[in-house]
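my_file_19.txt (compact mmCIF, C-alpha atoms) appears below.
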# COMPACT_ATOMS: atom_id res chain seq x y z
CA MET W 1 33.43 76.05 38.52
CA GLU W 2 31.23 74.15 36.04
CA PRO W 3 29.99 70.86 37.53
CA LEU W 4 31.00 67.59 35.86
CA ALA W 5 28.48 65.56 33.86
CA PRO W 6 27.05 62.60 35.84
CA HIS W 7 29.09 60.01 33.96
CA GLU W 8 32.29 62.03 34.45
CA LYS W 9 31.75 62.10 38.19
CA LEU W 10 31.48 58.34 38.50
CA TRP W 11 33.55 56.83 35.68
CA VAL W 12 36.49 54.79 37.03
CA ASP W 13 39.45 54.74 34.64
CA THR W 14 40.88 51.27 34.01
CA ASP W 15 44.31 52.80 34.60
CA PHE W 16 43.35 53.02 38.25
CA MET W 17 43.22 49.23 38.55
CA ASP W 18 45.97 48.49 36.03
CA GLU W 19 48.62 50.99 37.09
CA ASP W 20 47.94 52.02 40.70
CA GLU W 21 49.26 48.92 42.41
CA ASN W 22 48.75 50.40 45.87
CA HIS W 23 45.18 51.65 45.65
CA GLY W 24 43.89 49.84 42.58
CA SER W 25 44.49 46.42 44.12
CA ILE W 26 42.17 47.12 47.05
CA PRO W 27 38.62 45.76 46.50
CA CYS W 28 36.03 48.54 46.32
CA HIS W 29 33.98 47.25 49.26
CA GLU W 30 36.94 47.41 51.66
CA CYS W 31 36.76 51.18 51.56
CA HIS W 32 33.22 51.92 50.40
CA GLY W 33 31.25 49.06 51.94
CA GLY W 34 28.45 47.21 50.18
CA ASN W 35 28.17 43.52 49.31
CA PRO W 36 30.19 42.41 46.25
CA SER W 37 28.72 38.87 46.36
CA ASP W 38 25.15 40.13 45.92
CA GLY W 39 24.02 39.85 42.29
CA ASN W 40 21.32 42.48 42.72
CA TRP W 41 22.94 45.87 42.24
CA LYS W 42 20.31 47.63 44.33
CA THR W 43 20.85 45.55 47.43
CA ALA W 44 24.56 45.12 46.73
CA HIS W 45 24.98 48.88 47.15
CA LYS W 46 23.16 48.99 50.47
CA GLY W 47 25.40 50.72 53.01
CA VAL W 48 27.83 52.09 50.40
CA VAL W 49 29.73 55.14 51.68
CA LYS W 50 30.42 57.85 49.12
CA ASP W 51 33.46 59.28 50.91
CA PRO W 52 35.01 56.72 53.27
CA THR W 53 37.67 59.25 54.27
CA TRP W 54 35.14 61.44 56.12
CA PRO W 55 34.66 62.02 58.99
CA ASP W 56 37.24 59.42 60.03
CA ALA W 57 39.84 58.37 57.48
CA GLY W 58 41.38 55.79 59.80
CA LYS W 59 39.79 52.72 58.23
CA ALA W 60 40.25 53.77 54.61
CA CYS W 61 43.68 55.41 54.79
CA GLY W 62 45.11 54.64 58.20
CA GLU W 63 46.77 51.32 57.44
CA CYS W 64 49.26 52.93 55.06
CA HIS W 65 49.07 56.59 56.08
CA GLU W 66 48.65 56.25 59.82
CA GLU W 67 50.83 59.22 60.77
CA ILE W 68 49.08 61.66 58.41
CA VAL W 69 45.61 60.40 59.31
CA GLU W 70 46.32 60.88 63.00
CA VAL W 71 47.51 64.47 62.72
CA TYR W 72 44.80 65.36 60.20
CA LYS W 73 42.23 65.07 62.97
CA THR W 74 43.48 68.43 64.24
CA SER W 75 43.96 70.05 60.82
CA LEU W 76 42.00 73.26 60.36
CA HIS W 77 40.89 71.88 56.99
CA ALA W 78 39.12 69.07 58.84
CA THR W 79 37.92 70.81 61.98
CA THR W 80 37.04 74.28 60.61
CA LYS W 81 37.75 75.24 64.22
CA PRO W 82 38.31 78.99 63.67
CA ILE W 83 34.70 79.34 62.49
CA ALA W 84 33.33 77.51 65.52
CA LEU W 85 35.47 79.57 67.89
CA SER W 86 34.43 82.88 66.32
CA ILE W 87 30.76 81.96 66.55
CA ALA W 88 31.18 80.74 70.14
CA LYS W 89 32.76 84.06 71.18
CA ARG W 90 29.88 86.01 69.64
CA ALA W 91 27.16 83.61 70.76
CA ASN W 92 24.41 84.13 73.29
CA PRO W 93 25.47 82.14 76.39
CA ASP W 94 22.00 80.61 76.79
CA LYS W 95 22.45 76.86 76.16
CA ALA W 96 19.20 76.44 74.23
CA ILE W 97 20.06 79.34 71.92
CA HIS W 98 23.63 78.12 71.50
CA ALA W 99 22.34 74.68 70.44
CA LYS W 100 20.32 76.28 67.63
CA LEU W 101 23.35 78.30 66.58
CA ASP W 102 25.37 75.10 66.44
CA GLU W 103 22.79 73.56 64.11
CA ALA W 104 23.06 76.57 61.82
CA ARG W 105 26.85 76.49 61.95
CA LYS W 106 26.97 72.85 60.88
CA LEU W 107 24.61 73.51 57.97
CA HIS W 108 26.20 76.68 56.66
CA CYS W 109 29.69 77.22 58.07
CA SER W 110 31.21 73.76 58.54
CA SER W 111 30.07 72.18 55.28
CA CYS W 112 33.25 73.24 53.49
CA HIS W 113 35.52 70.87 55.41
CA SER W 114 37.98 68.84 53.36
CA SER W 115 38.77 65.17 53.55
CA CYS W 116 41.54 62.98 52.12
CA GLY W 117 39.20 61.96 49.31
CA GLN W 118 38.07 65.49 48.49
CA CYS W 119 41.64 66.58 47.83
CA HIS W 120 43.36 63.51 46.41
CA ILE W 121 40.57 61.65 44.55
CA SER W 122 37.56 63.88 43.98
CA ARG W 123 36.56 67.46 43.61
CA PRO W 124 35.22 68.98 46.83
CA ASP W 125 31.54 68.58 47.68
CA SER W 126 31.22 72.38 47.54
CA VAL W 127 31.48 72.15 43.73
CA GLU W 128 29.31 69.02 43.55
CA GLY W 129 32.15 66.50 43.65
CA GLY W 130 33.19 64.05 40.94
CA PHE W 131 36.45 62.21 40.31
CA LEU W 132 39.50 64.29 39.47
CA ASP W 133 40.82 61.65 37.10
CA GLY W 134 38.81 58.44 37.04
CA HIS W 135 39.52 57.61 40.72
CA ILE W 136 43.28 57.76 40.13
CA PHE W 137 44.87 59.16 43.29
CA GLN W 138 46.63 62.51 42.95
CA LYS W 139 49.64 62.80 45.23
CA THR W 140 49.55 66.57 44.80
CA PRO W 141 45.97 67.83 44.49
CA PRO W 142 45.45 69.89 41.32
CA MET W 143 45.25 73.56 42.23
CA ARG W 144 42.39 74.60 39.94
CA THR W 145 40.02 71.74 40.78
CA THR W 146 40.64 71.32 44.49
CA CYS W 147 42.39 74.27 46.16
CA THR W 148 40.61 77.09 44.35
CA ALA W 149 37.39 75.08 44.10
CA CYS W 150 36.99 75.80 47.81
CA HIS W 151 39.04 78.99 48.06
CA GLY W 152 37.54 80.53 44.94
CA ALA W 153 35.65 83.67 45.87
CA ARG W 154 38.74 85.31 47.36
CA VAL W 155 42.00 83.45 46.73
CA GLU W 156 41.34 82.28 43.18
CA LYS W 157 40.12 85.62 41.85
CA GLU W 158 42.84 87.52 43.64
CA TYR W 159 45.72 85.23 42.74
CA PHE W 160 44.79 84.87 39.06
CA GLY W 161 43.85 88.53 38.61
CA LEU W 162 40.15 87.91 37.99
CA ASN W 163 38.99 90.97 39.93
CA GLU W 164 38.52 93.92 37.60
CA GLY W 165 41.37 96.38 37.79
CA VAL W 166 43.59 94.19 39.97
CA PRO W 167 46.51 92.36 38.28
CA PRO W 168 47.42 88.74 39.03
CA ASP W 169 49.58 88.13 42.08
CA ILE W 170 53.24 88.47 41.11
CA HIS W 171 53.94 84.90 42.23
CA TRP W 172 51.52 83.67 39.55
CA LYS W 173 52.21 86.32 36.91
CA LYS W 174 55.99 85.93 37.00
CA LYS W 175 56.59 82.37 38.21
CA TYR W 176 53.29 80.46 37.81
CA MET W 177 53.73 79.24 41.36
CA ASN W 178 51.07 76.78 42.50
CA CYS W 179 49.73 76.54 46.04
CA LYS W 180 52.20 73.92 47.26
CA LYS W 181 55.15 76.25 46.57
CA CYS W 182 54.18 78.17 49.70
CA HIS W 183 51.73 75.89 51.50
CA SER W 184 53.38 72.68 52.64
CA GLY W 185 51.80 69.29 53.21
CA THR W 186 52.37 69.72 56.92
CA GLU W 187 50.39 72.95 56.90
CA MET W 188 47.56 71.31 54.95
CA HIS W 189 47.45 68.00 56.84
CA GLY W 190 48.18 69.46 60.27
CA ASP W 191 50.94 68.63 62.71
CA GLY W 192 48.86 67.20 65.54
CA LYS W 193 48.69 70.46 67.44
CA LYS W 194 45.45 72.32 68.04
CA TYR W 195 45.35 75.86 66.69
CA ALA W 196 42.71 78.55 67.08
CA ASN W 197 43.33 79.99 63.61
CA ARG W 198 45.61 79.64 60.59
CA PHE W 199 47.90 82.43 61.77
CA GLU W 200 48.99 80.27 64.71
CA VAL W 201 50.02 77.29 62.56
CA GLU W 202 53.76 76.85 62.97
CA SER W 203 54.31 75.58 59.42
CA ARG W 204 52.18 78.28 57.77
CA ALA W 205 53.61 80.10 54.77
CA LYS W 206 55.71 83.14 55.64
CA CYS W 207 57.15 85.68 53.22
CA VAL W 208 60.60 85.44 54.79
CA ASP W 209 60.71 81.69 54.10
CA CYS W 210 61.69 82.64 50.54
CA HIS W 211 62.72 86.27 50.92
CA LYS W 212 65.37 85.50 53.50
CA GLY W 213 67.76 88.32 52.68
CA ILE W 214 65.47 91.35 52.66
CA TYR W 215 66.96 92.72 55.90
CA SER W 216 70.59 92.26 54.92
CA GLU W 217 72.67 95.36 54.25
CA LYS W 218 73.22 94.36 50.62
CA ALA W 219 69.51 93.85 49.86
CA ALA W 220 67.57 96.35 47.78
CA ASN W 221 65.54 98.67 50.02
CA ALA W 222 67.24 97.13 53.07
CA GLU W 223 66.85 100.32 55.09
CA VAL W 224 63.13 100.59 54.29
CA HIS W 225 62.54 96.97 55.28
CA GLU W 226 64.55 97.34 58.47
CA ASN W 227 62.69 100.52 59.47
CA HIS W 228 59.31 98.84 59.02
CA LYS W 229 60.25 95.45 60.47
CA ASN W 230 57.82 94.26 63.16
CA THR W 231 55.76 97.44 62.66
CA VAL W 232 54.12 96.94 59.27
CA SER W 233 53.12 93.61 57.72
CA CYS W 234 54.52 92.72 54.30
CA GLN W 235 51.01 92.85 52.80
CA ALA W 236 50.44 96.43 53.99
CA CYS W 237 53.14 97.54 51.54
CA HIS W 238 52.93 94.88 48.86
CA ALA W 239 49.26 93.88 48.51
CA MET W 240 46.81 95.34 46.03
CA PRO W 241 43.06 95.74 46.74
CA TYR W 242 41.14 92.57 47.57
CA LYS W 243 37.62 91.29 48.09
CA ASN W 244 35.61 92.26 51.16
CA CYS W 245 32.24 90.64 51.91
CA PHE W 246 29.31 92.03 53.90
CA ALA W 247 26.24 90.95 55.90
CA CYS W 248 25.64 87.25 55.38
CA HIS W 249 22.18 85.94 56.30
CA THR W 250 21.45 82.22 56.40
CA ALA W 251 18.17 80.35 56.01
CA LYS W 252 16.45 77.26 54.56
CA ASP W 253 14.24 77.26 51.48
CA LYS W 254 10.76 75.68 51.28
CA ASN W 255 12.37 72.30 50.59
CA GLY W 256 14.57 72.53 53.67
CA GLN W 257 17.76 73.20 51.74
CA PRO W 258 20.16 75.66 53.42
CA TYR W 259 21.17 78.80 51.57
CA PHE W 260 22.68 82.19 52.32
CA GLN W 261 22.49 85.72 50.99
CA THR W 262 25.03 88.52 51.29
CA GLU W 263 25.19 92.19 50.50
CA PRO W 264 27.33 93.16 47.47
CA SER W 265 31.06 92.67 48.01
CA ARG W 266 33.63 95.39 47.42
CA ILE W 267 37.21 95.40 46.18
CA GLU W 268 39.17 97.67 48.50
CA PHE W 269 42.31 97.94 50.60
CA LYS W 270 42.46 98.81 54.28
CA ILE W 271 45.28 98.90 56.82
CA GLY W 272 44.27 98.61 60.45
CA LEU W 273 45.59 97.69 63.87
CA ASN W 274 46.66 94.07 64.30
CA PRO W 275 43.84 92.13 66.01
CA LEU W 276 46.06 89.08 66.58
CA LYS W 277 49.20 90.76 67.81
CA SER W 278 51.65 88.38 69.47
CA LYS W 279 55.34 87.59 69.73
CA ASP W 280 55.03 85.70 66.45
CA ARG W 281 52.95 88.46 64.82
CA PRO W 282 54.30 91.70 66.31
CA GLU W 283 53.26 94.09 63.54
CA LYS W 284 51.27 97.12 64.58
CA PHE W 285 49.73 97.75 61.16
CA VAL W 286 48.29 94.94 59.00
CA THR W 287 45.87 94.53 56.12
CA LEU W 288 42.29 93.89 57.24
CA ARG W 289 39.51 92.16 55.32
CA HIS W 290 35.82 92.60 56.10
CA VAL W 291 34.11 89.24 56.63
CA PRO W 292 30.34 88.89 56.17
CA VAL W 293 29.21 87.94 59.68
CA ASP W 294 26.43 90.20 60.93
CA GLN W 295 24.35 90.49 64.11
CA GLY W 296 21.48 88.85 62.22
CA THR W 297 23.40 86.14 60.37
CA PHE W 298 21.50 83.33 62.13
CA ASP W 299 18.16 85.06 62.82
CA PHE W 300 16.31 82.44 60.76
CA TYR W 301 17.32 79.82 63.32
CA VAL W 302 17.21 81.84 66.53
CA LYS W 303 16.74 85.51 67.38
CA ASN W 304 19.50 87.28 69.30
CA GLY W 305 21.81 84.33 68.70
CA LEU W 306 24.92 86.50 68.40
CA SER W 307 24.22 88.69 71.44
CA ASN W 308 27.99 88.97 72.05
CA PHE W 309 28.69 90.06 68.48
CA ASP W 310 30.89 92.96 69.62
CA LYS W 311 33.49 90.68 71.21
CA VAL W 312 35.09 89.84 67.84
CA PRO W 313 35.82 92.28 64.97
CA ASN W 314 34.44 91.59 61.52
CA TRP W 315 37.37 93.47 60.02
CA LYS W 316 39.91 90.67 60.39
CA LEU W 317 43.63 90.11 59.80
CA ALA W 318 44.17 89.27 56.14
CA THR W 319 46.98 88.05 53.91
CA PRO W 320 45.64 88.83 50.42
CA HIS W 321 46.87 86.96 47.36
CA THR W 322 47.30 90.22 45.41
CA ILE W 323 51.02 90.72 46.00
CA GLN W 324 53.07 93.02 43.78
CA LEU W 325 56.60 94.34 44.08
CA LYS W 326 55.40 97.88 43.41
CA THR W 327 52.04 99.09 44.66
CA PRO W 328 50.35 102.52 44.92
CA GLN W 329 51.11 102.70 48.65
CA ASN W 330 54.85 101.94 48.35
CA GLN W 331 55.76 104.29 45.50
CA ASP W 332 57.38 106.65 48.00
CA CYS W 333 57.14 107.45 51.70
CA ASN W 334 54.20 109.83 51.38
CA ALA W 335 52.20 107.42 49.29
CA CYS W 336 51.49 105.84 52.67
CA HIS W 337 52.55 108.33 55.35
CA GLY W 338 49.80 110.92 55.72
CA ASN W 339 47.54 109.04 53.29
CA ASP W 340 44.58 108.40 55.58
CA LYS W 341 42.57 106.78 52.76
CA LEU W 342 44.63 103.61 53.23
CA PHE W 343 43.73 103.23 56.89
CA LEU W 344 40.57 101.87 58.47
CA LYS W 345 38.96 104.84 60.19
CA LYS W 346 35.79 105.18 62.23
CA LYS W 347 33.91 106.64 59.27
CA ASP W 348 34.74 103.51 57.21
CA VAL W 349 32.85 101.25 59.61
CA LYS W 350 29.07 100.95 59.78
CA GLN W 351 27.57 102.30 62.98
CA LYS W 352 26.27 98.88 64.04
CA TYR W 353 29.79 97.41 63.75
CA LEU W 354 31.71 100.16 65.55
CA ARG W 355 31.94 98.52 68.96
CA ALA W 356 33.08 95.21 67.47
CA ASN W 357 35.87 96.88 65.51
CA GLN W 358 37.07 99.53 67.95
CA GLY W 359 40.28 97.56 68.51
CA VAL W 360 41.29 97.55 64.83
CA ILE W 361 40.19 101.05 63.77
CA VAL W 362 43.17 103.41 63.41
CA PRO W 363 42.74 106.68 65.35
CA ALA W 364 43.74 109.81 63.45
CA GLU W 365 46.71 110.43 65.74
CA MET W 366 48.14 106.97 64.96
CA ILE W 367 48.21 107.38 61.19
CA PRO W 368 51.88 107.88 60.22
CA GLU W 369 52.63 111.53 59.49
CA GLU W 370 53.70 112.80 56.12
CA GLN W 371 57.49 112.79 55.71

Show me, as structure tokens, the structure contained in the file I just sent.
Amino acid sequence: MEPLAPHEKLWVDTDFMDEDENHGSIPCHECHGGNPSDGNWKTAHKGVVKDPTWPDAGKACGECHEEIVEVYKTSLHATTKPIALSIAKRANPDKAIHAKLDEARKLHCSSCHSSCGQCHISRPDSVEGGFLDGHIFQKTPPMRTTCTACHGARVEKEYFGLNEGVPPDIHWKKKYMNCKKCHSGTEMHGDGKKYANRFEVESRAKCVDCHKGIYSEKAANAEVHENHKNTVSCQACHAMPYKNCFACHTAKDKNGQPYFQTEPSRIEFKIGLNPLKSKDRPEKFVTLRHVPVDQGTFDFYVKNGLSNFDKVPNWKLATPHTIQLKTPQNQDCNACHGNDKLFLKKKDVKQKYLRANQGVIVPAEMIPEEQ
């Protein structure tokens, strides 16, 4: 996303003060700090806070939005908890080494948190910020300048069909559905409960929320859906290829600025064994996406930091935004059954990642036989 010009980032539209009677009537310093009675602009701005909604939105938003602010403290958008948990599981148990890993995590992996301001007032920091519309509050954050500003490398390109050879997701191509059609405010803001990952969130988007009748006798392909229920995820039949990333390595440049480098990504499609199987996610076969964590991801900060790398797979459960009604693998039974190219096999995984992914690799004898 192209950054805004400096004046566009900071210009406050007069409509904000004239028409937004709730927010526009609040003096700037009550949220941002500073001294409005000081005639010297340099000293008047001393202590000004760019984003008063981070890390604690209680003072800025809590008076009117107390309930949302309280639950947002546990939102995965705020905590980025799944990243911290994955690193902790892979981490060397030595406390000194873990402390250095934590420093690296905060610099590279937790910088993409969201705040109230970075959804409803400004673009996210990850795309260099700037007001969405002259400081006018957006009740529903605009999809293209907030949601896909952060979720751009995968979701945006997949959903809008920007990956070569892969069409737009049917929900966009046919209905122009924006994010909020599937992802509710409760899912985004949190519900006050602590979750280890997004697949545990009770209010997460589920295909059957809209496609309620797919298992009824009168539904098209009812028998096919019934036969695959709780065995195969919806995406395994209805997703197209998606982006997979490899071998991320983090570091700081000569000026102390953090950066990262990855190996080239690939657009591919793989079905594997469900790494998060549970009563709520009973499917045996699911789509898997390769994520770029590597044994040496944090070597710049500390050697052997991820000594327990093999405890967590780097082929992970995925719900790609490349959905189509008809896909190559659902054209007929044998487009999938007996088609071992669709499944994640041992030969598809790099030798150094084999132990980590042994629980998601599909053994030859488990690949469904040709009908």

Between W:Ile136, W:Lys89, W:Ala364, W:Asp348, which is the closest to Asp310 of chain W once you count only C-alpha atoms?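 Checking each of W:Ile136, W:Lys89, W:Ala364, W:Asp348 against Asp310 of chain W, counting only C-alpha atoms, the winner is W:Lys89.
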
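Among the candidate residues W:Asn92, W:Asn178, W:Ser126, W:Gln371, the one lying nearest to Asn339 of chain W is W:Gln371, with distances computed using only C-alpha atoms.
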
Which residues, written as a PyMOL selection string, have at least one atom at most 12 Å from Trp172 of chain W, with all atoms listed in the file counted and residues fewer than 6 positions away on the same chain left out? chain W and resi 155-161+178-179+181-182+321-324

I'd like to know which of W:Tyr301, W:Lys50, W:Gly296, W:Gly272 is closest to Met366 of chain W, using only C-alpha atoms.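 Smallest distance to Met366 of chain W is found for W:Gly272.
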
Might you pull out every residue within 8 Å of His77 of chain W, with all atoms listed in the file counted and same-chain residues fewer than 5 positions away left off, and present them as a ChimeraX atom specification? /W:113-115,188-189

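Proximity ranking of W:Thr186, W:Phe300, W:Ala44, W:Phe137 relative to Glu19 of chain W places W:Phe137 first, based on only C-alpha atoms.
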
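Relative to atom CA of Tyr242 of chain W, atom CA of Gly338 of chain W is found at 21.9 Å.
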
Considering all atoms listed in the file, state which residue in the set W:Pro142, W:Val362, W:Glu63, W:Cys109 is at the smallest distance from Tyr259 of chain W.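 Among the listed residues, the smallest separation from Tyr259 of chain W belongs to W:Cys109.
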
Nearest to Lys303 of chain W by atom-to-atom distance, counting all atoms listed in the file, from W:Asp94, W:Asp340, W:Asp56, W:Glu187: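 When distances to Lys303 of chain W are compared using all atoms listed in the file, the smallest one comes from W:Asp94.
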
Spatial neighbours of segment 59-61 of chain W, 12 Å, only C-alpha atoms, chain gap at least 2 places, as JSON, numbers by chain: {"W": [22, 23, 26, 27, 28, 29, 30, 31, 32, 33, 49, 50, 51, 52, 53, 54, 55, 56, 57, 63, 64, 65, 66, 67, 68, 69, 70, 72, 115, 116, 117, 120]}

Print the selection's residues with C-alpha atoms to a file, as a PDB file, keeping the file's coordinate frame.
ATOM      1  CA  ASN W  22      48.750  50.400  45.870  1.00  0.00           C
ATOM      2  CA  HIS W  23      45.180  51.650  45.650  1.00  0.00           C
ATOM      3  CA  ILE W  26      42.170  47.120  47.050  1.00  0.00           C
ATOM      4  CA  PRO W  27      38.620  45.760  46.500  1.00  0.00           C
ATOM      5  CA  CYS W  28      36.030  48.540  46.320  1.00  0.00           C
ATOM      6  CA  HIS W  29      33.980  47.250  49.260  1.00  0.00           C
ATOM      7  CA  GLU W  30      36.940  47.410  51.660  1.00  0.00           C
ATOM      8  CA  CYS W  31      36.760  51.180  51.560  1.00  0.00           C
ATOM      9  CA  HIS W  32      33.220  51.920  50.400  1.00  0.00           C
ATOM     10  CA  GLY W  33      31.250  49.060  51.940  1.00  0.00           C
ATOM     11  CA  VAL W  49      29.730  55.140  51.680  1.00  0.00           C
ATOM     12  CA  LYS W  50      30.420  57.850  49.120  1.00  0.00           C
ATOM     13  CA  ASP W  51      33.460  59.280  50.910  1.00  0.00           C
ATOM     14  CA  PRO W  52      35.010  56.720  53.270  1.00  0.00           C
ATOM     15  CA  THR W  53      37.670  59.250  54.270  1.00  0.00           C
ATOM     16  CA  TRP W  54      35.140  61.440  56.120  1.00  0.00           C
ATOM     17  CA  PRO W  55      34.660  62.020  58.990  1.00  0.00           C
ATOM     18  CA  ASP W  56      37.240  59.420  60.030  1.00  0.00           C
ATOM     19  CA  ALA W  57      39.840  58.370  57.480  1.00  0.00           C
ATOM     20  CA  GLU W  63      46.770  51.320  57.440  1.00  0.00           C
ATOM     21  CA  CYS W  64      49.260  52.930  55.060  1.00  0.00           C
ATOM     22  CA  HIS W  65      49.070  56.590  56.080  1.00  0.00           C
ATOM     23  CA  GLU W  66      48.650  56.250  59.820  1.00  0.00           C
ATOM     24  CA  GLU W  67      50.830  59.220  60.770  1.00  0.00           C
ATOM     25  CA  ILE W  68      49.080  61.660  58.410  1.00  0.00           C
ATOM     26  CA  VAL W  69      45.610  60.400  59.310  1.00  0.00           C
ATOM     27  CA  GLU W  70      46.320  60.880  63.000  1.00  0.00           C
ATOM     28  CA  TYR W  72      44.800  65.360  60.200  1.00  0.00           C
ATOM     29  CA  SER W 115      38.770  65.170  53.550  1.00  0.00           C
ATOM     30  CA  CYS W 116      41.540  62.980  52.120  1.00  0.00           C
ATOM     31  CA  GLY W 117      39.200  61.960  49.310  1.00  0.00           C
ATOM     32  CA  HIS W 120      43.360  63.510  46.410  1.00  0.00           C
TER      33      HIS W 120
END

For segment 227-238 of chain W: contacts at 7 Å, only C-alpha atoms, fewer than 2 positions along chain excluded, given as a compact mmCIF listing (two decimals) with C-alpha atoms, in the frame of the given file:
# COMPACT_ATOMS: atom_id res chain seq x y z
CA GLU W 223 66.85 100.32 55.09
CA VAL W 224 63.13 100.59 54.29
CA HIS W 225 62.54 96.97 55.28
CA MET W 240 46.81 95.34 46.03
CA ILE W 271 45.28 98.90 56.82
CA PRO W 282 54.30 91.70 66.31
CA GLU W 283 53.26 94.09 63.54
CA LYS W 284 51.27 97.12 64.58
CA PHE W 285 49.73 97.75 61.16
CA VAL W 286 48.29 94.94 59.00
CA THR W 287 45.87 94.53 56.12
CA THR W 319 46.98 88.05 53.91
CA ILE W 323 51.02 90.72 46.00
CA GLN W 324 53.07 93.02 43.78
CA LEU W 325 56.60 94.34 44.08
CA LYS W 326 55.40 97.88 43.41
CA THR W 327 52.04 99.09 44.66
CA GLN W 329 51.11 102.70 48.65
CA ASN W 330 54.85 101.94 48.35

Rounded to one decimal place, report the atom CA of Gly134 of chain W-atom CA of Met177 of chain W distance in Å.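 It comes out at 26.0 Å.
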
Lys346 of chain W: which residues within 9 Å, counting all atoms listed in the file, same-chain residues fewer than 3 positions away excluded, as a list in words? Val349, Lys350, Gln351, Leu354, Asn357, Gln358, Ile361, Val362 and Pro363 of chain W

Just-selected residues, C-alpha atoms written as a tab-separated table (two decimals), in the frame of the given file:
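That gives us again-v5.tsv:
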chain	number	residue	atom	x	y	z
W	349	VAL	CA	32.85	101.25	59.61
W	350	LYS	CA	29.07	100.95	59.78
W	351	GLN	CA	27.57	102.30	62.98
W	354	LEU	CA	31.71	100.16	65.55
W	357	ASN	CA	35.87	96.88	65.51
W	358	GLN	CA	37.07	99.53	67.95
W	361	ILE	CA	40.19	101.05	63.77
W	362	VAL	CA	43.17	103.41	63.41
W	363	PRO	CA	42.74	106.68	65.35

Atomic separation - atom CA of Ile87 of chain W relative to atom CA of His183 of chain W, Å: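 Spanning atom CA of His183 of chain W to atom CA of Ile87 of chain W is a straight-line distance of 26.5 Å.
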
Completed segment 251-265 of chain W (N, CA and C atoms) as a compact mmCIF listing (two decimals), in the frame of the given file:
# COMPACT_ATOMS: atom_id res chain seq x y z
N ALA W 251 19.56 80.81 55.89
CA ALA W 251 18.17 80.35 56.01
C ALA W 251 18.02 79.00 55.31
N LYS W 252 16.80 78.46 55.33
CA LYS W 252 16.45 77.26 54.56
C LYS W 252 15.32 77.62 53.60
N ASP W 253 15.33 77.00 52.42
CA ASP W 253 14.24 77.26 51.48
C ASP W 253 13.04 76.37 51.81
N LYS W 254 11.99 76.42 50.99
CA LYS W 254 10.76 75.68 51.28
C LYS W 254 10.95 74.16 51.25
N ASN W 255 12.05 73.73 50.63
CA ASN W 255 12.37 72.30 50.59
C ASN W 255 13.34 71.89 51.70
N GLY W 256 13.67 72.84 52.56
CA GLY W 256 14.57 72.53 53.67
C GLY W 256 16.03 72.59 53.33
N GLN W 257 16.36 73.11 52.14
CA GLN W 257 17.76 73.20 51.74
C GLN W 257 18.37 74.50 52.26
N PRO W 258 19.53 74.44 52.90
CA PRO W 258 20.16 75.66 53.42
C PRO W 258 20.71 76.54 52.31
N TYR W 259 20.60 77.84 52.51
CA TYR W 259 21.17 78.80 51.57
C TYR W 259 21.58 80.04 52.35
N PHE W 260 22.29 80.94 51.68
CA PHE W 260 22.68 82.19 52.32
C PHE W 260 22.61 83.32 51.30
N GLN W 261 22.48 84.52 51.82
CA GLN W 261 22.49 85.72 50.99
C GLN W 261 23.42 86.75 51.62
N THR W 262 24.13 87.48 50.79
CA THR W 262 25.03 88.52 51.29
C THR W 262 24.77 89.83 50.56
N GLU W 263 25.19 90.90 51.18
CA GLU W 263 25.19 92.19 50.50
C GLU W 263 26.31 92.20 49.46
N PRO W 264 26.27 93.11 48.49
CA PRO W 264 27.33 93.16 47.47
C PRO W 264 28.71 93.30 48.09
N SER W 265 29.68 92.57 47.54
CA SER W 265 31.06 92.67 48.01
C SER W 265 31.74 93.88 47.37
